[in-house]
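A.B. asks: Below you'll find my_file_7.tsv; it's TSV, C-alpha atoms and all ligand atoms.
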chain	number	residue	atom	x	y	z
A	14	MET	CA	-9.79	19.09	12.98
A	15	THR	CA	-6.25	19.19	11.60
A	16	ALA	CA	-4.77	21.83	9.33
A	17	LEU	CA	-1.68	21.70	7.12
A	18	LEU	CA	-0.36	24.78	5.32
A	19	LEU	CA	1.93	24.12	2.35
A	20	ARG	CA	3.88	27.29	1.61
A	21	ASN	CA	5.73	28.37	-1.55
A	22	ILE	CA	4.55	25.80	-4.07
A	23	ARG	CA	3.85	26.26	-7.79
A	24	PRO	CA	0.68	24.56	-9.14
A	25	TYR	CA	1.53	23.07	-12.57
A	26	GLY	CA	4.73	25.15	-12.54
A	27	GLY	CA	2.95	28.53	-12.28
A	28	ALA	CA	3.42	31.34	-9.75
A	29	SER	CA	4.17	30.54	-6.12
A	30	VAL	CA	1.16	30.17	-3.81
A	31	ASP	CA	0.22	28.53	-0.52
A	32	LEU	CA	-2.26	25.69	-0.11
A	33	LEU	CA	-4.26	25.03	3.04
A	34	ILE	CA	-5.54	21.55	3.84
A	35	ARG	CA	-8.16	20.96	6.50
A	36	ASP	CA	-8.71	17.31	7.40
A	37	GLU	CA	-9.08	15.46	4.07
A	38	THR	CA	-9.92	18.49	1.93
A	39	ILE	CA	-8.18	21.37	0.18
A	40	ALA	CA	-9.54	24.42	1.98
A	41	ALA	CA	-7.80	27.33	0.21
A	42	VAL	CA	-5.21	28.13	-2.44
A	43	GLY	CA	-3.64	31.55	-2.87
A	44	PRO	CA	-0.61	33.76	-2.35
A	45	SER	CA	0.61	34.31	1.22
A	46	LEU	CA	-2.27	32.64	3.05
A	47	PRO	CA	-2.35	33.59	6.75
A	48	PRO	CA	-1.37	30.51	8.79
A	49	PRO	CA	-4.22	29.33	11.02
A	50	PRO	CA	-3.06	29.01	14.65
A	51	ASP	CA	-3.60	25.24	14.66
A	52	ALA	CA	-1.84	24.59	11.33
A	53	THR	CA	1.29	22.55	10.74
A	54	LEU	CA	3.55	24.44	8.32
A	55	GLU	CA	5.42	22.76	5.47
A	56	ASP	CA	7.85	24.71	3.27
A	57	GLY	CA	7.37	23.64	-0.36
A	58	LEU	CA	10.67	25.29	-1.41
A	59	GLY	CA	9.20	26.42	-4.72
A	60	CYS	CA	8.51	22.88	-5.91
A	61	LEU	CA	6.04	22.07	-8.68
A	62	LEU	CA	2.65	21.04	-7.28
A	63	LEU	CA	0.45	18.49	-9.03
A	64	PRO	CA	-2.77	16.82	-7.99
A	65	GLY	CA	-2.29	13.20	-6.90
A	66	LEU	CA	-1.44	11.13	-9.98
A	67	ILE	CA	-3.87	8.50	-11.26
A	68	GLU	CA	-3.06	4.99	-12.52
A	69	GLY	CA	-5.96	4.24	-14.88
A	70	HIS	CA	-5.16	0.67	-15.83
A	71	THR	CA	-2.98	-1.79	-13.97
A	72	HIS	CA	-3.05	-5.36	-12.64
A	73	LEU	CA	-1.80	-5.32	-9.05
A	74	ASP	CA	-2.77	-8.97	-8.55
A	75	LYS	CA	-0.36	-10.25	-11.21
A	76	THR	CA	2.83	-8.55	-10.04
A	77	VAL	CA	5.95	-10.12	-8.54
A	78	TRP	CA	6.98	-6.68	-7.15
A	79	GLY	CA	8.87	-7.21	-3.92
A	80	SER	CA	9.71	-10.82	-4.89
A	81	PRO	CA	12.73	-12.25	-6.71
A	82	TRP	CA	13.05	-11.51	-10.44
A	83	TYR	CA	10.76	-13.65	-12.59
A	84	ARG	CA	12.73	-15.29	-15.40
A	85	ASN	CA	10.54	-14.84	-18.50
A	86	ALA	CA	10.74	-17.64	-21.09
A	87	VAL	CA	7.18	-17.27	-22.40
A	88	GLY	CA	5.97	-17.89	-25.97
A	89	PRO	CA	5.17	-15.03	-28.33
A	90	ASN	CA	1.36	-14.91	-28.30
A	91	ARG	CA	-1.18	-13.52	-25.81
A	92	VAL	CA	-2.64	-16.98	-25.25
A	93	ASP	CA	0.88	-18.23	-24.38
A	94	ARG	CA	1.10	-15.57	-21.66
A	95	ILE	CA	-2.33	-16.45	-20.29
A	96	GLU	CA	-1.50	-20.18	-20.16
A	97	ASN	CA	1.98	-19.55	-18.71
A	98	GLU	CA	0.52	-17.38	-15.96
A	99	ARG	CA	-2.04	-20.04	-15.03
A	100	ALA	CA	0.66	-22.74	-14.94
A	101	TRP	CA	2.88	-20.52	-12.78
A	102	ARG	CA	0.04	-19.87	-10.33
A	103	ARG	CA	-0.56	-23.60	-10.00
A	104	GLN	CA	2.94	-23.85	-8.53
A	105	GLY	CA	1.51	-21.93	-5.57
A	106	ARG	CA	4.29	-19.41	-5.05
A	107	HIS	CA	2.25	-16.33	-5.94
A	108	ASP	CA	0.82	-14.18	-3.13
A	109	ALA	CA	-1.58	-11.78	-4.86
A	110	GLU	CA	-2.28	-9.79	-1.69
A	111	ALA	CA	1.37	-9.23	-0.75
A	112	GLY	CA	2.32	-8.30	-4.32
A	113	SER	CA	-0.66	-5.96	-4.65
A	114	LEU	CA	0.17	-4.20	-1.41
A	115	ALA	CA	3.89	-3.85	-2.18
A	116	LEU	CA	3.18	-2.39	-5.61
A	117	ALA	CA	0.42	-0.07	-4.39
A	118	ARG	CA	2.78	1.31	-1.73
A	119	ALA	CA	5.41	1.96	-4.41
A	120	PHE	CA	2.77	3.84	-6.40
A	121	LEU	CA	1.95	5.97	-3.34
A	122	VAL	CA	5.61	6.87	-2.83
A	123	ASN	CA	5.61	8.18	-6.41
A	124	GLY	CA	2.52	10.31	-5.86
A	125	THR	CA	-0.25	8.05	-7.20
A	126	THR	CA	-3.27	8.40	-4.94
A	127	ARG	CA	-6.01	6.91	-7.14
A	128	MET	CA	-5.99	3.77	-9.19
A	129	ARG	CA	-8.07	1.38	-11.27
A	130	SER	CA	-6.75	-2.18	-10.95
A	131	HIS	CA	-8.08	-5.20	-12.84
A	132	ALA	CA	-8.28	-8.43	-10.80
A	133	ASP	CA	-8.33	-11.80	-12.57
A	134	ILE	CA	-11.39	-14.00	-12.39
A	135	ASP	CA	-11.30	-17.45	-13.98
A	136	PRO	CA	-12.48	-20.93	-12.99
A	137	GLU	CA	-9.13	-21.68	-11.28
A	138	VAL	CA	-8.55	-18.54	-9.20
A	139	GLY	CA	-12.25	-17.96	-8.61
A	140	LEU	CA	-12.59	-14.83	-6.48
A	141	ARG	CA	-9.19	-15.14	-4.74
A	142	HIS	CA	-7.56	-12.30	-6.68
A	143	VAL	CA	-10.50	-9.95	-6.22
A	144	GLU	CA	-10.47	-10.70	-2.49
A	145	ALA	CA	-6.67	-10.23	-2.31
A	146	THR	CA	-6.95	-6.83	-4.02
A	147	VAL	CA	-9.79	-5.80	-1.68
A	148	ARG	CA	-7.62	-6.71	1.33
A	149	ALA	CA	-4.67	-4.73	-0.08
A	150	ARG	CA	-6.98	-1.75	-0.56
A	151	GLN	CA	-8.14	-2.04	3.05
A	152	ALA	CA	-4.55	-2.32	4.30
A	153	LEU	CA	-3.75	1.06	2.74
A	154	GLY	CA	-6.21	2.64	5.15
A	155	GLY	CA	-7.87	4.96	2.67
A	156	ALA	CA	-4.63	6.54	1.43
A	157	MET	CA	-5.26	5.09	-2.04
A	158	GLU	CA	-8.70	5.48	-3.60
A	159	MET	CA	-8.83	2.28	-5.62
A	160	GLN	CA	-11.37	0.90	-8.09
A	161	ILE	CA	-11.25	-2.86	-8.61
A	162	VAL	CA	-12.30	-4.30	-11.97
A	163	ALA	CA	-13.78	-7.82	-12.11
A	164	PHE	CA	-11.59	-8.98	-15.00
A	165	PRO	CA	-12.32	-12.21	-16.97
A	166	GLN	CA	-8.76	-12.78	-18.23
A	167	SER	CA	-9.52	-16.12	-19.90
A	168	GLY	CA	-12.97	-15.25	-21.26
A	169	VAL	CA	-16.56	-15.09	-20.08
A	170	VAL	CA	-18.85	-17.40	-22.03
A	171	THR	CA	-16.34	-20.16	-22.86
A	172	GLN	CA	-15.24	-20.51	-19.21
A	173	ALA	CA	-17.71	-22.31	-16.98
A	174	GLY	CA	-19.10	-20.19	-14.17
A	175	VAL	CA	-17.21	-16.96	-14.92
A	176	GLU	CA	-20.32	-14.80	-15.32
A	177	GLU	CA	-21.56	-16.05	-11.92
A	178	LEU	CA	-18.16	-15.35	-10.35
A	179	MET	CA	-18.16	-11.83	-11.81
A	180	ASP	CA	-21.67	-11.35	-10.43
A	181	ALA	CA	-20.43	-12.34	-6.94
A	182	ALA	CA	-17.35	-10.09	-7.23
A	183	LEU	CA	-19.46	-7.09	-8.19
A	184	ARG	CA	-21.69	-7.74	-5.19
A	185	ASP	CA	-18.76	-8.07	-2.77
A	186	GLY	CA	-16.24	-5.33	-3.53
A	187	ALA	CA	-15.49	-4.97	-7.25
A	188	ASP	CA	-16.45	-1.59	-8.68
A	189	VAL	CA	-16.23	-2.09	-12.45
A	190	VAL	CA	-17.25	-4.80	-14.96
A	191	GLY	CA	-14.23	-5.98	-16.94
A	192	GLY	CA	-14.14	-7.62	-20.35
A	193	MET	CA	-11.64	-9.22	-22.70
A	194	ASP	CA	-11.41	-9.42	-26.50
A	195	PRO	CA	-14.98	-10.60	-27.26
A	196	CYS	CA	-14.02	-12.07	-30.66
A	197	ALA	CA	-10.51	-13.34	-30.05
A	198	ILE	CA	-10.92	-14.86	-26.58
A	199	ASP	CA	-14.51	-16.07	-26.50
A	200	ARG	CA	-15.00	-16.32	-30.29
A	201	ASP	CA	-18.59	-15.31	-29.59
A	202	PRO	CA	-18.63	-11.51	-29.27
A	203	VAL	CA	-22.37	-11.00	-28.97
A	204	ARG	CA	-22.68	-13.46	-26.09
A	205	GLN	CA	-19.72	-11.98	-24.20
A	206	ILE	CA	-20.85	-8.39	-24.68
A	207	ASP	CA	-24.43	-9.30	-23.70
A	208	ALA	CA	-23.11	-10.90	-20.50
A	209	LEU	CA	-20.96	-7.87	-19.61
A	210	PHE	CA	-23.77	-5.37	-20.12
A	211	ARG	CA	-26.17	-7.61	-18.20
A	212	LEU	CA	-23.77	-7.48	-15.23
A	213	SER	CA	-23.33	-3.73	-15.60
A	214	GLN	CA	-27.08	-3.14	-15.64
A	215	ARG	CA	-27.74	-5.49	-12.70
A	216	HIS	CA	-25.14	-3.85	-10.46
A	217	ALA	CA	-25.34	-0.30	-11.87
A	218	LYS	CA	-21.57	-0.30	-12.34
A	219	PRO	CA	-19.42	0.96	-15.24
A	220	LEU	CA	-17.55	-1.19	-17.76
A	221	ASP	CA	-13.89	-1.33	-18.76
A	222	ILE	CA	-13.23	-3.74	-21.65
A	223	HIS	CA	-9.76	-4.85	-22.77
A	224	LEU	CA	-9.72	-4.66	-26.56
A	225	HIS	CA	-6.40	-5.82	-28.01
A	226	GLU	CA	-8.03	-7.15	-31.16
A	227	PRO	CA	-6.36	-5.80	-34.30
A	228	GLY	CA	-7.78	-3.92	-37.28
A	229	GLU	CA	-11.16	-4.98	-38.63
A	230	MET	CA	-11.77	-7.50	-35.84
A	231	GLY	CA	-11.27	-4.88	-33.14
A	232	ALA	CA	-13.38	-2.34	-35.02
A	233	PHE	CA	-16.18	-4.93	-35.25
A	234	SER	CA	-16.09	-5.56	-31.47
A	235	LEU	CA	-15.95	-1.83	-30.79
A	236	ASP	CA	-18.97	-1.26	-33.03
A	237	LEU	CA	-20.93	-3.92	-31.09
A	238	ILE	CA	-19.95	-2.35	-27.76
A	239	LEU	CA	-20.88	1.18	-28.87
A	240	GLU	CA	-24.20	-0.08	-30.22
A	241	ARG	CA	-25.16	-1.23	-26.72
A	242	VAL	CA	-23.84	1.95	-25.10
A	243	GLU	CA	-26.05	3.95	-27.47
A	244	VAL	CA	-29.16	1.79	-27.01
A	245	LEU	CA	-28.84	1.68	-23.20
A	246	GLY	CA	-27.85	5.35	-22.91
A	247	LEU	CA	-24.75	4.55	-20.84
A	248	HIS	CA	-23.12	7.95	-21.28
A	249	GLY	CA	-19.70	8.18	-19.63
A	250	GLN	CA	-19.93	4.63	-18.27
A	251	VAL	CA	-17.58	2.69	-20.56
A	252	THR	CA	-13.82	2.58	-21.10
A	253	ILE	CA	-12.11	0.76	-23.95
A	254	SER	CA	-8.69	-0.32	-22.69
A	255	HIS	CA	-5.95	-0.37	-25.35
A	256	GLY	CA	-8.19	-0.07	-28.44
A	257	PHE	CA	-5.22	-0.93	-30.68
A	258	CYS	CA	-7.58	-1.22	-33.67
A	259	LEU	CA	-8.01	2.58	-33.60
A	260	GLY	CA	-4.36	2.87	-34.60
A	261	MET	CA	-4.72	0.35	-37.45
A	262	ILE	CA	-7.92	0.94	-39.43
A	263	PRO	CA	-8.42	3.51	-42.23
A	264	ALA	CA	-8.81	7.10	-41.02
A	265	ALA	CA	-12.44	7.46	-42.12
A	266	ASP	CA	-13.48	4.30	-40.21
A	267	ARG	CA	-11.46	5.39	-37.15
A	268	ASP	CA	-12.98	8.86	-37.18
A	269	ALA	CA	-16.52	7.46	-37.39
A	270	LEU	CA	-15.88	5.31	-34.31
A	271	LEU	CA	-14.21	8.20	-32.45
A	272	ALA	CA	-17.24	10.42	-33.16
A	273	ARG	CA	-19.51	7.81	-31.58
A	274	MET	CA	-17.14	7.46	-28.59
A	275	ALA	CA	-17.12	11.23	-28.07
A	276	LYS	CA	-20.91	11.41	-28.32
A	277	THR	CA	-21.40	8.63	-25.75
A	278	GLY	CA	-18.55	9.73	-23.44
A	279	THR	CA	-16.81	6.39	-24.04
A	280	ALA	CA	-13.17	6.75	-22.95
A	281	ILE	CA	-9.91	5.12	-23.98
A	282	ALA	CA	-7.28	3.83	-21.53
A	283	THR	CA	-3.90	3.65	-23.24
A	284	THR	CA	-0.61	2.19	-22.07
A	285	ALA	CA	1.16	3.57	-25.15
A	286	PRO	CA	3.20	0.37	-25.70
A	287	ALA	CA	6.24	0.65	-27.95
A	288	GLY	CA	5.56	-2.35	-30.16
A	289	THR	CA	1.91	-1.98	-31.20
A	290	PRO	CA	-0.12	0.69	-33.04
A	291	VAL	CA	-2.10	2.76	-30.53
A	292	PRO	CA	-5.05	5.18	-30.65
A	293	PRO	CA	-3.41	8.45	-31.80
A	294	LEU	CA	-3.62	10.82	-28.83
A	295	ALA	CA	-3.85	14.13	-30.72
A	296	ILE	CA	-6.57	12.84	-33.07
A	297	CYS	CA	-8.58	11.27	-30.23
A	298	ARG	CA	-8.39	14.49	-28.19
A	299	ALA	CA	-9.38	16.61	-31.21
A	300	ALA	CA	-12.38	14.31	-31.71
A	301	GLY	CA	-13.43	14.96	-28.10
A	302	VAL	CA	-12.60	11.49	-26.76
A	303	THR	CA	-11.24	11.23	-23.20
A	304	VAL	CA	-7.90	9.40	-23.26
A	305	TYR	CA	-6.16	8.42	-20.06
A	306	GLY	CA	-3.08	6.43	-19.15
A	307	GLY	CA	-2.08	3.25	-17.37
A	308	ASN	CA	0.87	0.91	-17.07
A	309	ASP	CA	-1.01	-2.34	-17.56
A	310	GLY	CA	0.96	-5.12	-15.81
A	311	ILE	CA	4.13	-4.18	-13.94
A	312	ARG	CA	6.92	-6.73	-13.50
A	313	ASP	CA	4.81	-9.87	-13.77
A	314	THR	CA	4.85	-13.09	-15.78
A	315	TRP	CA	3.71	-11.11	-18.82
A	316	THR	CA	6.32	-8.36	-18.85
A	317	PRO	CA	9.55	-7.39	-17.05
A	318	TYR	CA	8.85	-3.70	-17.80
A	319	ALA	CA	7.05	-0.67	-16.33
A	320	GLN	CA	7.40	1.30	-13.11
A	321	PRO	CA	4.83	2.26	-10.47
A	322	ASP	CA	5.27	5.89	-11.49
A	323	MET	CA	2.68	7.75	-13.54
A	324	LEU	CA	5.18	10.43	-14.60
A	325	ASP	CA	7.11	7.58	-16.20
A	326	ARG	CA	3.94	6.42	-17.98
A	327	ALA	CA	3.34	10.01	-19.13
A	328	LEU	CA	6.86	9.92	-20.61
A	329	HIS	CA	5.96	6.75	-22.55
A	330	ILE	CA	2.73	8.35	-23.78
A	331	GLY	CA	4.78	11.33	-24.94
A	332	LEU	CA	7.35	9.18	-26.71
A	333	ARG	CA	4.78	6.92	-28.38
A	334	ASN	CA	2.79	9.90	-29.67
A	335	ALA	CA	5.87	11.97	-30.64
A	336	LEU	CA	4.91	14.80	-28.27
A	337	ARG	CA	7.60	17.52	-28.20
A	338	ARG	CA	5.96	20.87	-27.48
A	339	ASP	CA	5.30	21.84	-23.88
A	340	ASP	CA	1.57	22.20	-24.57
A	341	GLU	CA	1.64	18.63	-25.89
A	342	LEU	CA	3.44	17.39	-22.78
A	343	ASP	CA	0.55	18.92	-20.84
A	344	TRP	CA	-1.67	16.35	-22.66
A	345	ALA	CA	0.58	13.55	-21.40
A	346	LEU	CA	0.15	14.86	-17.85
A	347	ASP	CA	-3.60	15.16	-18.42
A	348	CYS	CA	-3.65	11.42	-19.24
A	349	VAL	CA	-2.41	10.61	-15.72
A	350	THR	CA	-4.38	13.33	-13.89
A	351	SER	CA	-7.65	15.03	-14.91
A	352	ALA	CA	-8.52	12.86	-17.94
A	353	ALA	CA	-8.02	9.74	-15.81
A	354	ALA	CA	-10.29	11.16	-13.10
A	355	LYS	CA	-12.95	11.86	-15.71
A	356	GLY	CA	-12.59	8.51	-17.50
A	357	CYS	CA	-12.63	6.46	-14.27
A	358	GLY	CA	-15.25	8.61	-12.56
A	359	PHE	CA	-13.10	9.69	-9.60
A	360	THR	CA	-14.79	12.67	-7.95
A	361	ASN	CA	-13.48	15.59	-5.84
A	362	TYR	CA	-10.32	15.63	-7.96
A	363	GLY	CA	-7.91	18.51	-8.58
A	364	LEU	CA	-6.29	21.42	-6.80
A	365	ALA	CA	-9.37	23.62	-6.29
A	366	PRO	CA	-10.80	24.18	-2.79
A	367	GLY	CA	-13.23	21.38	-1.93
A	368	SER	CA	-11.15	18.69	-3.66
A	369	ARG	CA	-9.85	15.69	-1.75
A	370	ALA	CA	-6.39	16.71	-0.51
A	371	ASP	CA	-4.27	14.49	-2.78
A	372	VAL	CA	-1.19	16.40	-3.92
A	373	VAL	CA	2.39	15.68	-4.90
A	374	LEU	CA	5.41	17.98	-4.81
A	375	VAL	CA	8.03	17.53	-7.51
A	376	ASP	CA	11.39	19.24	-7.71
A	377	ALA	CA	10.95	20.38	-11.31
A	378	GLU	CA	10.70	23.71	-13.11
A	379	THR	CA	7.81	22.84	-15.42
A	380	VAL	CA	5.36	20.02	-16.19
A	381	GLY	CA	7.49	19.03	-19.19
A	382	ALA	CA	10.61	18.84	-17.03
A	383	ALA	CA	8.77	16.73	-14.44
A	384	ILE	CA	7.77	14.20	-17.13
A	385	VAL	CA	11.17	14.06	-18.80
A	386	ASP	CA	13.27	13.99	-15.58
A	387	ARG	CA	10.82	12.13	-13.27
A	388	PRO	CA	12.54	13.41	-10.11
A	389	VAL	CA	12.09	11.83	-6.71
A	390	ARG	CA	8.83	13.09	-5.21
A	391	ARG	CA	9.55	15.58	-2.42
A	392	LEU	CA	6.21	15.13	-0.66
A	393	VAL	CA	3.06	13.09	-1.22
A	394	ILE	CA	-0.18	13.92	0.59
A	395	ALA	CA	-3.11	11.52	0.29
A	396	GLY	CA	-6.48	12.31	1.82
A	397	GLY	CA	-4.90	15.16	3.79
A	398	ARG	CA	-2.15	13.02	5.33
A	399	ILE	CA	1.56	13.09	4.49
A	400	VAL	CA	2.23	9.54	3.28
A	401	ALA	CA	5.65	9.84	1.64
A	402	ARG	CA	8.66	12.14	1.69
A	403	ASP	CA	11.76	12.16	-0.52
A	404	GLY	CA	10.94	8.81	-2.12
A	405	ALA	CA	10.11	6.85	1.03
A	406	MET	CA	6.92	6.04	2.91
A	407	VAL	CA	6.41	8.03	6.09
A	408	THR	CA	6.13	5.51	8.90
A	409	GLY	CA	2.94	5.44	10.91
B	501	ZN	ZN	-4.68	-4.92	-18.82
Just dump the structure as structure tokens.
C.D. replies:
Amino acid sequence: MTALLLRNIRPYGGASVDLLIRDETIAAVGPSLPPPPDATLEDGLGCLLLPGLIEGHTHLDKTVWGSPWYRNAVGPNRVDRIENERAWRRQGRHDAEAGSLALARAFLVNGTTRMRSHADIDPEVGLRHVEATVRARQALGGAMEMQIVAFPQSGVVTQAGVEELMDAALRDGADVVGGMDPCAIDRDPVRQIDALFRLSQRHAKPLDIHLHEPGEMGAFSLDLILERVEVLGLHGQVTISHGFCLGMIPAADRDALLARMAKTGTAIATTAPAGTPVPPLAICRAAGVTVYGGNDGIRDTWTPYAQPDMLDRALHIGLRNALRRDDELDWALDCVTSAAAKGCGFTNYGLAPGSRADVVLVDAETVGAAIVDRPVRRLVIAGGRIVARDGAMVTG
């Protein structure tokens, strides 16, 4: 049994306490804890303490992180980006495992200890990207608790064999059933949604459906999804990623959908992009809907933007939703901590005794200051082990 005593740290910026970790678990939190004789001592120097940050929506398998800059000359539409990515992969220079591992390590250095990553499945890549993400997860040796989504980027019912590939992925390592714009991509929403829920029921695994579709079209898809959630009683089992339509449709229609999402525990994953209407955070929270955050792709053939840092994503959520007050900035942090744990179904989360010992120390006065300044992380502990210090991985 190993013990680690963190002294003089301030949970969420509050009063100074100590935190005792035994093996992989937080054993005690309180002022001036007596050091056990076998404990390693670590002086927290009054830093802000947060639970390990959570990336709720990313695509490790697409990134060029750790590789030369990708020169983006892609057309303006989503289908252009999908086709460009497939053409680029055919050139054979993309190593999904190496990119996934490099990016996941960068996330760890910045205090992210849990993650949901979507892995492409289509007739060309087959299961290669799911398998590459599984190997990257294994290479991290348990430091990162990672959920892998079987993600049909190019569609389900219009792409030969994709449902069967998703079935195999869910049997062999994927944790979540993905989906993609049932109207816009497959042009047959009922068949796609039926296929996704069939897979979810067969494997008893949750769903996370990308829904970029605008306005009325997106609301129609969302209504079809919620109808199945209600009929099947899948409370707390479904995430709608993006849900841009909720930022576009009339308020009465939006509120009716949000009420059904709250009642069924259907969550929203938002990336809070600058250029598109988004589900309004304050209104979603007031309606009782769980909203959590993610970067989506990071430095890939789709976008040059984003950082493997969930405090940075919290900043974007704050900017996009015009959050100014400190209690509102707490919502932005919630999106990358507790709300993400709830929405993704990560258990043993938080700073209370009994939680998995995932914590990050930040040299900041308050939560708001941590989000706005995004300082280098002083210390990152994952599963009870120190994995990073002062912005660098700890070797070994
Ligand atoms: Zn995505």
A.B. asks: Could you give me, as a ChimeraX atom specification, the residues within 10 Å of A:Arg211, counting all atoms listed in the file and dropping anything in the same chain fewer than 6 positions from it?
C.D. replies: /A:176,180,190,205,217
A.B. asks: Residues near A:Ala280, anyone? I mean within 8 Å using all atoms listed in the file, not counting same-chain ones fewer than 5 positions away, as a list in words.
C.D. replies: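 Once the adjacent positions are removed, what remains is Gly249, Val251, Thr252, Ile253, Met274, Ala275, Val302, Thr303, Val304, Tyr305 and Gly356 of chain A.
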A.B. asks: Show me the residues around (1.5, -5.6, -17.4) - criterion: an atom at most 10 Å away, all atoms listed in the file counted - as a PyMOL selection string.
C.D. replies: chain A and resi 70-73+75-76+284+307-319
A.B. asks: Please check which residues have atoms at most 10 Å from (-15.7, 3.2, -36.9) in the file's coordinates, counting only C-alpha atoms, and write them as a list of chain:residue names.
C.D. replies: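 Residues with an atom close enough to that point: A:Glu229, A:Gly231, A:Ala232, A:Phe233, A:Leu235, A:Asp236, A:Leu239, A:Cys258, A:Leu259, A:Ile262, A:Pro263, A:Ala264, A:Ala265, A:Asp266, A:Arg267, A:Asp268, A:Ala269, A:Leu270, A:Leu271, A:Ala272, A:Arg273, A:Met274.
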A.B. asks: What is the distance, in Å and to one decimal place, between atom CA of A:His248 and atom CA of A:Pro292?
C.D. replies: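 Separation between atom CA of A:His248 and atom CA of A:Pro292: 20.5 Å.
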A.B. asks: Residues within 6 Å of A:Asp339, please, as JSON, numbers by chain. Count only C-alpha atoms; anything in the same chain fewer than 2 positions from it doesn't count.
C.D. replies: {"A": [341, 342, 381]}
